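**Student:** Handing over start05.csv, CSV, C-alpha atoms.
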chain,number,residue,atom,x,y,z
A,1285,MET,CA,-24.3,-3.1,5.0
A,1286,ARG,CA,-23.5,0.6,5.0
A,1287,VAL,CA,-19.8,1.3,4.6
A,1288,LEU,CA,-17.8,4.6,4.9
A,1289,LEU,CA,-14.4,4.5,3.3
A,1290,ILE,CA,-11.8,7.0,4.3
A,1291,GLY,CA,-9.3,8.3,1.7
A,1292,SER,CA,-8.9,9.8,-1.7
A,1293,GLY,CA,-6.2,7.9,-3.6
A,1294,GLY,CA,-5.9,5.1,-6.1
A,1295,ARG,CA,-5.9,2.6,-3.3
A,1296,GLU,CA,-9.3,3.9,-2.1
A,1297,HIS,CA,-10.6,3.9,-5.7
A,1298,ALA,CA,-9.6,0.2,-6.0
A,1299,LEU,CA,-11.2,-0.6,-2.6
A,1300,ALA,CA,-14.4,1.2,-3.6
A,1301,ALA,CA,-14.6,-0.6,-6.9
A,1302,ALA,CA,-14.1,-4.0,-5.2
A,1303,MET,CA,-16.6,-3.3,-2.3
A,1304,ILE,CA,-19.4,-2.3,-4.7
A,1305,GLU,CA,-19.3,-5.8,-6.1
A,1306,ASP,CA,-20.2,-7.3,-2.6
A,1307,PRO,CA,-23.9,-8.4,-2.6
A,1308,GLN,CA,-24.1,-7.5,1.1
A,1309,LEU,CA,-23.3,-3.9,0.5
A,1310,GLU,CA,-26.3,-1.6,0.8
A,1311,SER,CA,-24.5,1.8,0.3
A,1312,LEU,CA,-20.9,3.0,0.0
A,1313,HIS,CA,-19.8,6.4,1.2
A,1314,VAL,CA,-16.3,7.8,0.7
A,1315,ALA,CA,-14.6,10.8,2.5
A,1316,PRO,CA,-13.3,12.8,0.8
A,1317,GLY,CA,-13.0,10.6,-2.3
A,1318,ASN,CA,-11.9,11.8,-5.8
A,1319,PRO,CA,-13.7,12.3,-9.2
A,1320,GLY,CA,-13.1,8.7,-10.1
A,1321,ILE,CA,-14.6,7.3,-6.9
A,1322,ALA,CA,-17.5,9.8,-7.2
A,1323,GLN,CA,-18.7,7.8,-10.2
A,1324,ILE,CA,-19.3,4.7,-8.1
A,1325,ALA,CA,-19.9,5.9,-4.6
A,1326,ILE,CA,-21.3,8.9,-2.6
A,1327,CYS,CA,-18.5,11.3,-1.7
A,1328,HIS,CA,-18.4,13.6,1.3
A,1329,ALA,CA,-16.0,16.6,1.5
A,1330,ILE,CA,-14.8,16.5,5.1
A,1331,ASP,CA,-11.4,16.8,6.8
A,1332,ILE,CA,-10.4,13.2,7.4
A,1333,ASP,CA,-7.7,14.3,9.8
A,1334,ASN,CA,-10.5,15.5,12.1
A,1335,ASN,CA,-11.6,12.5,14.0
A,1336,GLN,CA,-14.8,14.1,15.3
A,1337,ALA,CA,-15.8,15.1,11.8
A,1338,VAL,CA,-15.5,11.5,10.7
A,1339,ILE,CA,-17.5,10.2,13.7
A,1340,GLU,CA,-20.3,12.7,13.1
A,1341,LEU,CA,-20.5,11.7,9.4
A,1342,ALA,CA,-20.6,8.0,10.3
A,1343,GLN,CA,-23.3,8.5,12.8
A,1344,GLN,CA,-25.3,10.7,10.5
A,1345,LEU,CA,-25.2,8.0,7.8
A,1346,ASP,CA,-25.8,5.2,10.3
A,1347,ILE,CA,-22.7,3.4,9.1
A,1348,ASP,CA,-22.0,-0.2,9.9
A,1349,LEU,CA,-18.3,-0.2,9.0
A,1350,VAL,CA,-15.6,2.4,8.5
A,1351,VAL,CA,-12.6,1.4,6.4
A,1352,VAL,CA,-9.6,3.6,6.9
A,1353,GLY,CA,-7.4,3.8,3.8
A,1354,PRO,CA,-4.5,6.2,4.5
A,1355,GLU,CA,-1.8,5.8,7.2
A,1356,LYS,CA,-2.1,9.3,8.7
A,1357,PRO,CA,-5.6,9.0,10.2
A,1358,LEU,CA,-4.6,5.6,11.6
A,1359,VAL,CA,-1.6,7.1,13.4
A,1360,ASN,CA,-3.8,10.0,14.5
A,1361,GLY,CA,-6.1,7.5,16.3
A,1362,LEU,CA,-9.2,7.6,14.1
A,1363,SER,CA,-9.8,3.9,14.7
A,1364,ASP,CA,-9.7,4.3,18.4
A,1365,ALA,CA,-12.1,7.2,18.3
A,1366,LEU,CA,-14.6,5.2,16.2
A,1367,ARG,CA,-14.4,2.2,18.4
A,1368,LYS,CA,-15.0,4.3,21.4
A,1369,VAL,CA,-18.4,5.3,20.1
A,1370,LYS,CA,-19.2,1.6,19.1
A,1371,ILE,CA,-18.6,2.0,15.3
A,1372,ALA,CA,-16.9,-1.0,13.7
A,1373,CYS,CA,-13.6,0.0,12.1
A,1374,PHE,CA,-11.2,-1.8,9.8
A,1375,GLY,CA,-7.9,-0.2,10.7
A,1376,PRO,CA,-5.4,-0.6,13.6
A,1377,SER,CA,-5.4,1.6,16.7
A,1378,ALA,CA,-2.9,4.4,16.9
A,1379,ALA,CA,-0.7,2.2,19.1
A,1380,ALA,CA,-0.8,-0.7,16.6
A,1381,ALA,CA,-0.3,1.6,13.6
A,1382,GLN,CA,3.1,2.4,15.0
A,1383,LEU,CA,4.2,-0.7,13.0
A,1384,GLU,CA,4.2,1.8,10.1
A,1385,GLY,CA,4.4,5.0,12.0
A,1386,SER,CA,7.8,4.2,13.5
A,1387,LYS,CA,10.5,2.1,11.8
A,1388,ASP,CA,12.2,1.7,15.2
A,1389,PHE,CA,9.0,0.4,16.9
A,1390,ALA,CA,8.6,-2.1,14.1
A,1391,LYS,CA,12.1,-3.4,14.6
A,1392,GLN,CA,11.5,-3.8,18.3
A,1393,VAL,CA,8.3,-5.8,17.6
A,1394,MET,CA,10.1,-8.0,15.1
A,1395,ALA,CA,12.9,-8.6,17.5
A,1396,ASP,CA,10.5,-9.7,20.3
A,1397,ALA,CA,8.4,-11.8,17.9
A,1398,GLY,CA,11.4,-13.5,16.3
A,1399,VAL,CA,10.5,-12.2,12.9
A,1400,PRO,CA,13.5,-12.4,10.4
A,1401,THR,CA,14.5,-8.9,9.2
A,1402,ALA,CA,17.6,-6.9,8.3
A,1403,LYS,CA,20.2,-6.0,11.0
A,1404,SER,CA,19.8,-2.3,11.9
A,1405,TYR,CA,20.8,0.6,14.1
A,1406,THR,CA,18.5,3.3,15.3
A,1407,CYS,CA,20.4,6.7,15.3
A,1408,THR,CA,19.7,10.1,16.7
A,1409,ASN,CA,22.8,12.1,15.9
A,1410,GLN,CA,25.5,12.4,13.2
A,1411,ALA,CA,28.1,10.4,15.0
A,1412,GLU,CA,25.8,7.4,15.4
A,1413,ILE,CA,24.7,7.7,11.8
A,1414,GLU,CA,28.2,7.7,10.4
A,1415,LYS,CA,29.2,4.8,12.6
A,1416,ALA,CA,26.2,2.8,11.3
A,1417,LEU,CA,26.8,3.7,7.7
A,1418,ASP,CA,30.4,2.5,8.0
A,1419,ALA,CA,29.4,-0.6,9.8
A,1420,PHE,CA,27.2,-1.8,7.0
A,1421,GLY,CA,28.9,-0.2,4.0
A,1422,ALA,CA,27.3,0.2,0.6
A,1423,PRO,CA,24.6,-0.1,-0.6
A,1424,TYR,CA,23.4,2.2,2.2
A,1425,VAL,CA,19.8,1.8,3.4
A,1426,VAL,CA,18.5,4.8,5.4
A,1427,LYS,CA,14.9,5.1,6.7
A,1428,HIS,CA,13.3,8.0,8.4
A,1429,ASP,CA,11.7,6.8,11.6
A,1430,GLY,CA,8.2,8.4,11.1
A,1431,LEU,CA,5.7,8.6,8.3
A,1432,ALA,CA,7.2,10.1,5.1
A,1433,ALA,CA,4.5,9.5,2.5
A,1434,GLY,CA,6.6,6.8,0.7
A,1435,LYS,CA,9.6,9.1,0.4
A,1436,GLY,CA,11.5,8.4,3.7
A,1437,VAL,CA,13.7,5.6,2.4
A,1438,VAL,CA,17.0,6.0,0.5
A,1439,VAL,CA,19.0,3.1,-0.9
A,1440,THR,CA,22.2,4.3,-2.4
A,1441,ASP,CA,25.9,3.6,-3.0
A,1442,ASP,CA,26.7,7.2,-2.4
A,1443,ARG,CA,27.7,7.7,1.3
A,1444,ALA,CA,27.3,11.4,1.1
A,1445,GLU,CA,23.7,11.1,-0.2
A,1446,ALA,CA,22.9,8.5,2.5
A,1447,LEU,CA,24.3,10.8,5.2
A,1448,ALA,CA,22.4,13.9,3.9
A,1449,HIS,CA,19.1,11.9,3.9
A,1450,ALA,CA,19.7,10.6,7.4
A,1451,LEU,CA,20.4,14.1,8.8
A,1452,LEU,CA,16.9,15.3,7.6
A,1453,SER,CA,15.3,13.3,10.4
A,1454,ALA,CA,15.7,13.4,14.1
A,1455,ARG,CA,15.6,9.6,14.3
A,1456,VAL,CA,16.7,7.2,11.5
A,1457,VAL,CA,17.0,3.5,11.1
A,1458,ILE,CA,20.0,2.4,9.2
A,1459,GLU,CA,20.0,-1.2,7.9
A,1460,GLU,CA,22.1,-3.8,6.2
A,1461,PHE,CA,21.1,-4.1,2.5
A,1462,LEU,CA,19.0,-7.2,1.7
A,1463,ASP,CA,19.7,-9.0,-1.6
A,1464,GLY,CA,17.1,-10.8,-3.6
A,1465,PRO,CA,13.8,-9.9,-5.2
A,1466,GLU,CA,11.2,-7.9,-3.2
A,1467,VAL,CA,7.6,-9.1,-2.7
A,1468,SER,CA,4.6,-7.5,-1.1
A,1469,LEU,CA,2.2,-9.7,0.9
A,1470,PHE,CA,-0.9,-8.5,2.7
A,1471,GLY,CA,-2.5,-10.1,5.7
A,1472,ILE,CA,-6.0,-9.2,7.0
A,1473,SER,CA,-6.3,-9.5,10.7
A,1474,ASP,CA,-9.0,-9.3,13.4
A,1475,GLY,CA,-6.5,-8.9,16.2
A,1476,ALA,CA,-6.2,-12.6,16.9
A,1477,HIS,CA,-6.3,-14.3,13.5
A,1478,ILE,CA,-4.8,-13.3,10.1
A,1479,VAL,CA,-5.5,-14.5,6.6
A,1480,ALA,CA,-3.1,-13.9,3.7
A,1481,MET,CA,-3.7,-12.4,0.3
A,1482,GLN,CA,-1.7,-13.5,-2.8
A,1483,PRO,CA,1.7,-11.8,-3.2
A,1484,ALA,CA,2.4,-8.9,-5.6
A,1485,GLN,CA,5.5,-7.1,-6.6
A,1486,ASP,CA,5.7,-3.3,-7.0
A,1487,PHE,CA,8.3,-1.1,-8.6
A,1488,LYS,CA,9.6,1.8,-6.4
A,1489,ARG,CA,12.1,3.5,-8.7
A,1490,ALA,CA,10.9,6.3,-10.9
A,1491,TYR,CA,12.3,5.2,-14.2
A,1492,ASP,CA,12.8,2.1,-16.4
A,1493,GLY,CA,15.4,-0.3,-15.3
A,1494,ASP,CA,14.9,0.6,-11.7
A,1495,ALA,CA,16.7,3.9,-12.2
A,1496,GLY,CA,16.1,7.2,-10.5
A,1497,PRO,CA,14.8,8.0,-7.0
A,1498,ASN,CA,12.5,6.0,-4.8
A,1499,THR,CA,8.8,6.8,-5.2
A,1500,GLY,CA,5.5,5.7,-3.6
A,1501,GLY,CA,5.3,3.0,-6.4
A,1502,MET,CA,5.2,3.2,-10.1
A,1503,GLY,CA,3.5,0.0,-10.9
A,1504,ALA,CA,2.8,-3.6,-9.7
A,1505,TYR,CA,1.7,-7.0,-10.9
A,1506,SER,CA,0.3,-10.3,-9.6
A,1507,PRO,CA,0.5,-13.3,-9.4
A,1508,LEU,CA,4.2,-14.1,-9.1
A,1509,ALA,CA,4.8,-17.3,-11.0
A,1510,TRP,CA,8.5,-17.2,-10.1
A,1511,ALA,CA,8.0,-16.9,-6.3
A,1512,PRO,CA,8.2,-19.9,-4.0
A,1513,LYS,CA,5.0,-21.9,-4.2
A,1514,ASP,CA,4.7,-21.8,-0.4
A,1515,ILE,CA,5.4,-18.1,0.0
A,1516,MET,CA,2.0,-17.4,1.6
A,1517,GLU,CA,2.5,-20.3,4.1
A,1518,GLN,CA,6.0,-19.2,4.9
A,1519,THR,CA,5.0,-15.6,5.4
A,1520,LEU,CA,2.1,-16.6,7.7
A,1521,GLU,CA,4.3,-18.8,9.8
A,1522,LYS,CA,7.4,-16.7,10.0
A,1523,VAL,CA,6.1,-13.1,9.8
A,1524,LEU,CA,2.3,-12.5,10.0
A,1525,HIS,CA,1.3,-14.9,12.8
A,1526,PRO,CA,4.2,-14.0,15.1
A,1527,THR,CA,3.7,-10.3,14.6
A,1528,ILE,CA,-0.1,-10.5,15.3
A,1529,ALA,CA,0.6,-12.6,18.4
A,1530,GLU,CA,3.2,-10.2,19.7
A,1531,MET,CA,0.9,-7.2,19.2
A,1532,ALA,CA,-1.9,-8.9,21.1
A,1533,ALA,CA,0.5,-9.9,23.9
A,1534,ARG,CA,1.5,-6.2,24.2
A,1535,GLY,CA,-2.1,-5.3,24.7
A,1536,THR,CA,-2.3,-3.5,21.4
A,1537,PRO,CA,-4.0,-6.1,19.0
A,1538,PHE,CA,-3.6,-5.3,15.3
A,1539,VAL,CA,-7.0,-5.1,13.6
A,1540,GLY,CA,-6.7,-4.2,9.9
A,1541,LEU,CA,-4.4,-4.8,7.0
A,1542,LEU,CA,-0.8,-5.7,7.8
A,1543,TYR,CA,1.4,-5.1,4.8
A,1544,ALA,CA,4.7,-7.1,4.8
A,1545,GLY,CA,7.3,-5.9,2.4
A,1546,LEU,CA,9.6,-8.9,2.0
A,1547,ALA,CA,13.0,-9.6,0.5
A,1548,LEU,CA,13.5,-13.2,-0.7
A,1549,THR,CA,17.2,-13.5,0.2
A,1550,LYS,CA,19.6,-16.4,-0.1
A,1551,LYS,CA,19.0,-17.0,3.6
A,1552,GLY,CA,15.2,-17.0,3.3
A,1553,ILE,CA,12.5,-14.4,3.8
A,1554,ARG,CA,13.4,-11.2,5.5
A,1555,VAL,CA,11.0,-8.3,6.3
A,1556,ILE,CA,12.0,-5.0,4.8
A,1557,GLU,CA,9.1,-3.0,6.3
A,1558,PHE,CA,5.6,-3.1,7.7
A,1559,ASN,CA,2.7,-0.9,6.6
A,1560,ALA,CA,-0.6,-0.7,8.5
A,1561,ARG,CA,-2.9,-0.4,5.5
A,1562,PHE,CA,-3.4,-1.5,2.0
A,1563,GLY,CA,-0.4,-0.8,-0.1
A,1564,ASP,CA,-0.5,1.4,-3.2
A,1565,PRO,CA,-0.2,0.3,-6.1
A,1566,GLU,CA,-0.3,-3.4,-5.1
A,1567,THR,CA,-4.0,-2.9,-4.1
A,1568,GLN,CA,-4.8,-2.0,-7.7
A,1569,VAL,CA,-3.6,-5.4,-8.9
A,1570,LEU,CA,-4.8,-7.6,-6.0
A,1571,LEU,CA,-8.4,-6.4,-5.6
A,1572,PRO,CA,-9.4,-6.8,-9.3
A,1573,ARG,CA,-8.4,-10.5,-8.9
A,1574,LEU,CA,-10.1,-11.0,-5.5
A,1575,LYS,CA,-13.3,-13.2,-5.7
A,1576,THR,CA,-14.0,-13.1,-1.9
A,1577,PRO,CA,-16.6,-10.4,-1.2
A,1578,LEU,CA,-14.5,-7.5,0.2
A,1579,ALA,CA,-16.9,-5.5,2.3
A,1580,THR,CA,-18.0,-8.7,4.1
A,1581,LEU,CA,-14.4,-9.8,4.6
A,1582,LEU,CA,-13.4,-6.4,6.1
A,1583,TYR,CA,-16.5,-6.3,8.4
A,1584,LYS,CA,-15.5,-9.8,9.7
A,1585,ALA,CA,-12.0,-8.6,10.4
A,1586,ALA,CA,-13.3,-5.4,12.2
A,1587,THR,CA,-15.7,-7.5,14.4
A,1588,GLY,CA,-13.5,-10.5,15.3
A,1589,GLY,CA,-15.0,-12.8,12.8
A,1590,LEU,CA,-11.9,-14.3,11.1
A,1591,THR,CA,-10.3,-17.7,11.6
A,1592,ASP,CA,-6.8,-18.8,10.7
A,1593,GLU,CA,-8.2,-21.5,8.5
A,1594,MET,CA,-10.0,-19.0,6.2
A,1595,LYS,CA,-8.7,-18.9,2.6
A,1596,LEU,CA,-9.3,-16.0,0.2
A,1597,GLU,CA,-10.4,-16.7,-3.4
A,1598,PHE,CA,-8.7,-15.1,-6.4
A,1599,THR,CA,-9.2,-15.4,-10.1
A,1600,ASN,CA,-6.6,-17.3,-12.2
A,1601,ASP,CA,-5.8,-14.4,-14.5
A,1602,CYS,CA,-3.0,-11.9,-14.2
A,1603,ALA,CA,-3.1,-8.2,-13.5
A,1604,VAL,CA,-0.6,-5.4,-14.2
A,1605,THR,CA,-0.8,-1.9,-12.9
A,1606,VAL,CA,1.0,1.1,-14.4
A,1607,VAL,CA,1.1,4.5,-12.6
A,1608,LEU,CA,0.9,7.8,-14.5
A,1609,ALA,CA,3.0,10.4,-12.6
A,1610,ALA,CA,3.0,14.1,-13.0
A,1611,ALA,CA,5.9,16.1,-14.4
A,1612,GLY,CA,8.6,16.4,-11.8
A,1613,TYR,CA,7.4,13.5,-9.7
A,1614,PRO,CA,8.7,12.6,-7.1
A,1615,ALA,CA,10.8,15.6,-6.2
A,1616,ASP,CA,8.6,18.4,-7.4
A,1617,PRO,CA,5.4,17.3,-9.1
A,1618,LYS,CA,3.6,19.8,-11.3
A,1619,VAL,CA,-0.2,19.9,-10.6
A,1620,GLY,CA,-3.2,21.6,-12.1
A,1621,GLU,CA,-2.8,20.3,-15.6
A,1622,PRO,CA,-5.8,19.0,-17.6
A,1623,ILE,CA,-6.1,15.2,-18.2
A,1624,THR,CA,-7.8,13.7,-21.2
A,1625,GLY,CA,-8.2,10.3,-22.8
A,1626,LEU,CA,-9.4,8.3,-19.8
A,1627,ASP,CA,-11.2,5.5,-21.7
A,1628,ASP,CA,-11.4,2.1,-20.1
A,1629,SER,CA,-11.5,-1.1,-22.1
A,1630,PRO,CA,-13.1,-4.4,-21.1
A,1631,GLN,CA,-9.7,-5.6,-19.9
A,1632,THR,CA,-8.7,-2.5,-17.9
A,1633,ARG,CA,-9.7,-0.3,-15.1
A,1634,ILE,CA,-8.4,3.3,-14.4
A,1635,PHE,CA,-8.0,4.1,-10.7
A,1636,GLN,CA,-7.8,7.8,-10.1
A,1637,ALA,CA,-5.5,9.2,-7.3
A,1638,GLY,CA,-4.2,12.8,-7.6
A,1639,THR,CA,-7.1,14.2,-9.6
A,1640,LYS,CA,-9.7,17.0,-9.2
A,1641,LEU,CA,-12.5,18.5,-11.2
A,1642,LYS,CA,-12.1,22.2,-12.3
A,1643,ASP,CA,-15.0,23.7,-14.3
A,1644,GLY,CA,-16.1,20.2,-15.1
A,1645,ILE,CA,-12.7,19.2,-16.5
A,1646,LEU,CA,-10.4,16.6,-14.9
A,1647,HIS,CA,-7.0,18.1,-13.7
A,1648,SER,CA,-4.0,16.7,-11.9
A,1649,SER,CA,-3.7,17.4,-8.2
A,1650,GLY,CA,-0.9,15.1,-7.0
A,1651,GLY,CA,2.3,13.4,-7.9
A,1652,ARG,CA,0.9,10.0,-8.7
A,1653,VAL,CA,-2.1,11.0,-10.8
A,1654,LEU,CA,-3.8,7.7,-11.7
A,1655,ALA,CA,-3.1,4.0,-12.3
A,1656,VAL,CA,-4.2,1.8,-15.1
A,1657,THR,CA,-4.7,-1.9,-14.3
A,1658,GLY,CA,-4.9,-4.4,-17.1
A,1659,LYS,CA,-6.0,-8.0,-16.8
A,1660,GLY,CA,-5.3,-11.0,-19.0
A,1661,ALA,CA,-4.8,-14.8,-19.2
A,1662,ASP,CA,-1.0,-14.1,-18.7
A,1663,LEU,CA,1.2,-11.2,-17.8
A,1664,THR,CA,1.9,-10.4,-21.5
A,1665,GLN,CA,-1.9,-9.9,-22.2
A,1666,ALA,CA,-2.3,-7.9,-19.0
A,1667,ARG,CA,0.6,-5.6,-19.8
A,1668,LEU,CA,-0.6,-5.0,-23.3
A,1669,ALA,CA,-4.1,-4.1,-22.0
A,1670,ALA,CA,-2.7,-1.6,-19.4
A,1671,TYR,CA,-0.2,0.0,-21.7
A,1672,GLU,CA,-2.6,0.4,-24.6
A,1673,VAL,CA,-5.0,2.4,-22.3
A,1674,ILE,CA,-2.3,4.5,-20.5
A,1675,SER,CA,-0.7,5.4,-23.8
A,1676,GLN,CA,-3.9,7.2,-24.9
A,1677,ILE,CA,-4.0,9.4,-21.7
A,1678,THR,CA,-2.8,13.0,-22.2
A,1679,LEU,CA,-1.2,15.0,-19.3
A,1680,ALA,CA,1.5,17.5,-20.0
A,1681,GLY,CA,4.9,16.4,-18.9
A,1682,SER,CA,3.6,13.1,-17.3
A,1683,HIS,CA,5.7,10.0,-17.3
A,1684,TYR,CA,5.3,6.3,-16.6
A,1685,ARG,CA,7.5,3.3,-16.6
A,1686,ARG,CA,7.4,1.1,-19.6
A,1687,ASP,CA,8.9,-2.0,-18.0
A,1688,ILE,CA,6.4,-2.9,-15.4
A,1689,ALA,CA,6.2,-6.8,-15.2
A,1690,LEU,CA,8.3,-7.0,-18.4
A,1691,ALA,CA,11.0,-9.3,-17.1
A,1692,ALA,CA,8.4,-11.6,-15.4
A,1693,SER,CA,6.3,-11.8,-18.6
A,1694,GLU,CA,9.4,-12.7,-20.6
A,1695,ILE,CA,10.2,-15.5,-18.2
A,1696,GLY,CA,6.7,-16.8,-18.7
A,1697,GLU,CA,7.1,-16.9,-22.4
A,1698,ASN,CA,10.3,-19.0,-22.3
Can you turn what I pasted into structure tokens?

**Tutor:**
Amino acid sequence: MRVLLIGSGGREHALAAAMIEDPQLESLHVAPGNPGIAQIAICHAIDIDNNQAVIELAQQLDIDLVVVGPEKPLVNGLSDALRKVKIACFGPSAAAAQLEGSKDFAKQVMADAGVPTAKSYTCTNQAEIEKALDAFGAPYVVKHDGLAAGKGVVVTDDRAEALAHALLSARVVIEEFLDGPEVSLFGISDGAHIVAMQPAQDFKRAYDGDAGPNTGGMGAYSPLAWAPKDIMEQTLEKVLHPTIAEMAARGTPFVGLLYAGLALTKKGIRVIEFNARFGDPETQVLLPRLKTPLATLLYKAATGGLTDEMKLEFTNDCAVTVVLAAAGYPADPKVGEPITGLDDSPQTRIFQAGTKLKDGILHSSGGRVLAVTGKGADLTQARLAAYEVISQITLAGSHYRRDIALAASEIGEN
């Protein structure tokens, strides 16, 4: 099987690393990729926002499957364009990708499908915004309706901050605050069937103790020993199956990765958000634990070959991912700084994201620069492995959280 992977982040590095382990894979091509991915796959420097350029590359390489990593090409209709020329694609159509591309659309789908989620108002002017903020009260949850690269959501007790964030977008969704721990659970769908991956938990705030602004994610871990034992079954029954059925009924079947961000509230599971692709950094803890051959699995999804009875296999060990962020991230990341000390250990894997080569030397090129994933028999061992490696990496002004999976590992020790 010849696969073309679209994207250049840590998520794509993790996807590439998992797919090259699939015995059915003949060759792996990535566009545009990054220096880390280039060590394990063939990279092609094309504009992935140009659908025709991607099609021409796939045809030139005689690709069997295109896997679309980032959300923007999905919303731009890349999957539609590929399927139009009979190239199998793992990734939803532009219409189906609106589950991520529009918070308001996702709310409409959940309402029609009977999926439990937070109460909300969609607002288009200041009067509506202020009325909604006052209706729910603090903590205020404000979400820009469109894509925002992980920075469109504000959760704050400060009404003025909530209002200011809301006024930055022409359309916002304002929700009630959901209590309880948050969990990420991925489902892989062929449009009619969906199979669940094991849950993970990520850390959105920039600093230790869940302080600071929201980010695209500063770390993650899996599995979740404290989560309900039937969380996968519950999520399939209450969230994933109804959503896939509703999308099919609308004539826009969802083919690809449906990411459900969940809150485990006192009243049960509630959906915080949907994404239409592999989540970052959860992908970096889930895929190193996945035993099911990934390229083959994604090809089955892209070609209608799944069944609801399928079960994915995972290893019994634990994984912890810690993200190294550039100075100033998330507000104003400083890029162009040299990076040294990237030395894997047998228990770790470094996934590059915002990196580039300059005169043969690795430099930062984005806010989240890389992620280190450690594995171990328990979370304590996995944390030690990840933190030992990331502590040796040098990048001027960089920062990372030191409490990823700490509380969960301490629970496991007691």

**Student:** Under the rule of at most 7 Å, produce a per-residue listing of region 1310-1373 of chain A near region 1557-1570 of chain A: chain, number, name, the closest pair of atoms, and the distance in Å, as a Markdown table, using only C-alpha atoms.

**Tutor:**
| residue | atom | partner | partner_atom | distance |
| --- | --- | --- | --- | --- |
| A:Gly1353 | CA | A:Arg1561 | CA | 6.4 |
| A:Pro1354 | CA | A:Arg1561 | CA | 6.9 |
| A:Glu1355 | CA | A:Arg1561 | CA | 6.5 |

**Student:** With all atoms listed in the file as the basis for distance, which of A:Arg1573, A:Lys1642, A:Lys1387, A:Lys1403 is at the shortest distance from Pro1507 (chain A)?

**Tutor:**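 Ranked by minimum distance to Pro1507 (chain A), first place goes to A:Arg1573.
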
**Student:** Between CA of Lys1551 (chain A) and CA of Asp1463 (chain A), measure the distance and give it in Å to one decimal.

**Tutor:**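 So the answer is 9.6 Å.
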
**Student:** Considering all atoms listed in the file, return as a ChimeraX atom specification whatever protein or nucleic-acid residues lie within 9 Å of Val1439 (chain A), sequence-local ones (same chain, fewer than 5 positions apart) excluded.

**Tutor:** /A:1422-1427,1446,1461,1497-1498

**Student:** At a cut-off of 10 Å, using only C-alpha atoms, what residues contact region 1367-1378 of chain A? Leave out same-chain residues fewer than 5 positions from it and give the result as a PDB file with C-alpha atoms, keeping the file's coordinate frame.

**Tutor:**
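This is the output file around_14.pdb:
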ATOM      1  CA  VAL A1287     -19.800   1.300   4.600  1.00  0.00           C
ATOM      2  CA  LEU A1288     -17.800   4.600   4.900  1.00  0.00           C
ATOM      3  CA  LEU A1289     -14.400   4.500   3.300  1.00  0.00           C
ATOM      4  CA  ILE A1339     -17.500  10.200  13.700  1.00  0.00           C
ATOM      5  CA  ALA A1342     -20.600   8.000  10.300  1.00  0.00           C
ATOM      6  CA  GLN A1343     -23.300   8.500  12.800  1.00  0.00           C
ATOM      7  CA  ASP A1346     -25.800   5.200  10.300  1.00  0.00           C
ATOM      8  CA  ILE A1347     -22.700   3.400   9.100  1.00  0.00           C
ATOM      9  CA  ASP A1348     -22.000  -0.200   9.900  1.00  0.00           C
ATOM     10  CA  LEU A1349     -18.300  -0.200   9.000  1.00  0.00           C
ATOM     11  CA  VAL A1350     -15.600   2.400   8.500  1.00  0.00           C
ATOM     12  CA  VAL A1351     -12.600   1.400   6.400  1.00  0.00           C
ATOM     13  CA  VAL A1352      -9.600   3.600   6.900  1.00  0.00           C
ATOM     14  CA  GLY A1353      -7.400   3.800   3.800  1.00  0.00           C
ATOM     15  CA  PRO A1354      -4.500   6.200   4.500  1.00  0.00           C
ATOM     16  CA  GLU A1355      -1.800   5.800   7.200  1.00  0.00           C
ATOM     17  CA  LYS A1356      -2.100   9.300   8.700  1.00  0.00           C
ATOM     18  CA  PRO A1357      -5.600   9.000  10.200  1.00  0.00           C
ATOM     19  CA  LEU A1358      -4.600   5.600  11.600  1.00  0.00           C
ATOM     20  CA  VAL A1359      -1.600   7.100  13.400  1.00  0.00           C
ATOM     21  CA  ASN A1360      -3.800  10.000  14.500  1.00  0.00           C
ATOM     22  CA  GLY A1361      -6.100   7.500  16.300  1.00  0.00           C
ATOM     23  CA  LEU A1362      -9.200   7.600  14.100  1.00  0.00           C
ATOM     24  CA  LEU A1383       4.200  -0.700  13.000  1.00  0.00           C
ATOM     25  CA  GLY A1385       4.400   5.000  12.000  1.00  0.00           C
ATOM     26  CA  ILE A1472      -6.000  -9.200   7.000  1.00  0.00           C
ATOM     27  CA  SER A1473      -6.300  -9.500  10.700  1.00  0.00           C
ATOM     28  CA  ASP A1474      -9.000  -9.300  13.400  1.00  0.00           C
ATOM     29  CA  GLY A1475      -6.500  -8.900  16.200  1.00  0.00           C
ATOM     30  CA  THR A1536      -2.300  -3.500  21.400  1.00  0.00           C
ATOM     31  CA  PRO A1537      -4.000  -6.100  19.000  1.00  0.00           C
ATOM     32  CA  PHE A1538      -3.600  -5.300  15.300  1.00  0.00           C
ATOM     33  CA  VAL A1539      -7.000  -5.100  13.600  1.00  0.00           C
ATOM     34  CA  GLY A1540      -6.700  -4.200   9.900  1.00  0.00           C
ATOM     35  CA  LEU A1541      -4.400  -4.800   7.000  1.00  0.00           C
ATOM     36  CA  LEU A1542      -0.800  -5.700   7.800  1.00  0.00           C
ATOM     37  CA  ALA A1560      -0.600  -0.700   8.500  1.00  0.00           C
ATOM     38  CA  ARG A1561      -2.900  -0.400   5.500  1.00  0.00           C
ATOM     39  CA  PHE A1562      -3.400  -1.500   2.000  1.00  0.00           C
ATOM     40  CA  LEU A1582     -13.400  -6.400   6.100  1.00  0.00           C
ATOM     41  CA  TYR A1583     -16.500  -6.300   8.400  1.00  0.00           C
ATOM     42  CA  LYS A1584     -15.500  -9.800   9.700  1.00  0.00           C
ATOM     43  CA  ALA A1585     -12.000  -8.600  10.400  1.00  0.00           C
ATOM     44  CA  ALA A1586     -13.300  -5.400  12.200  1.00  0.00           C
ATOM     45  CA  THR A1587     -15.700  -7.500  14.400  1.00  0.00           C
TER      46      THR A1587
END
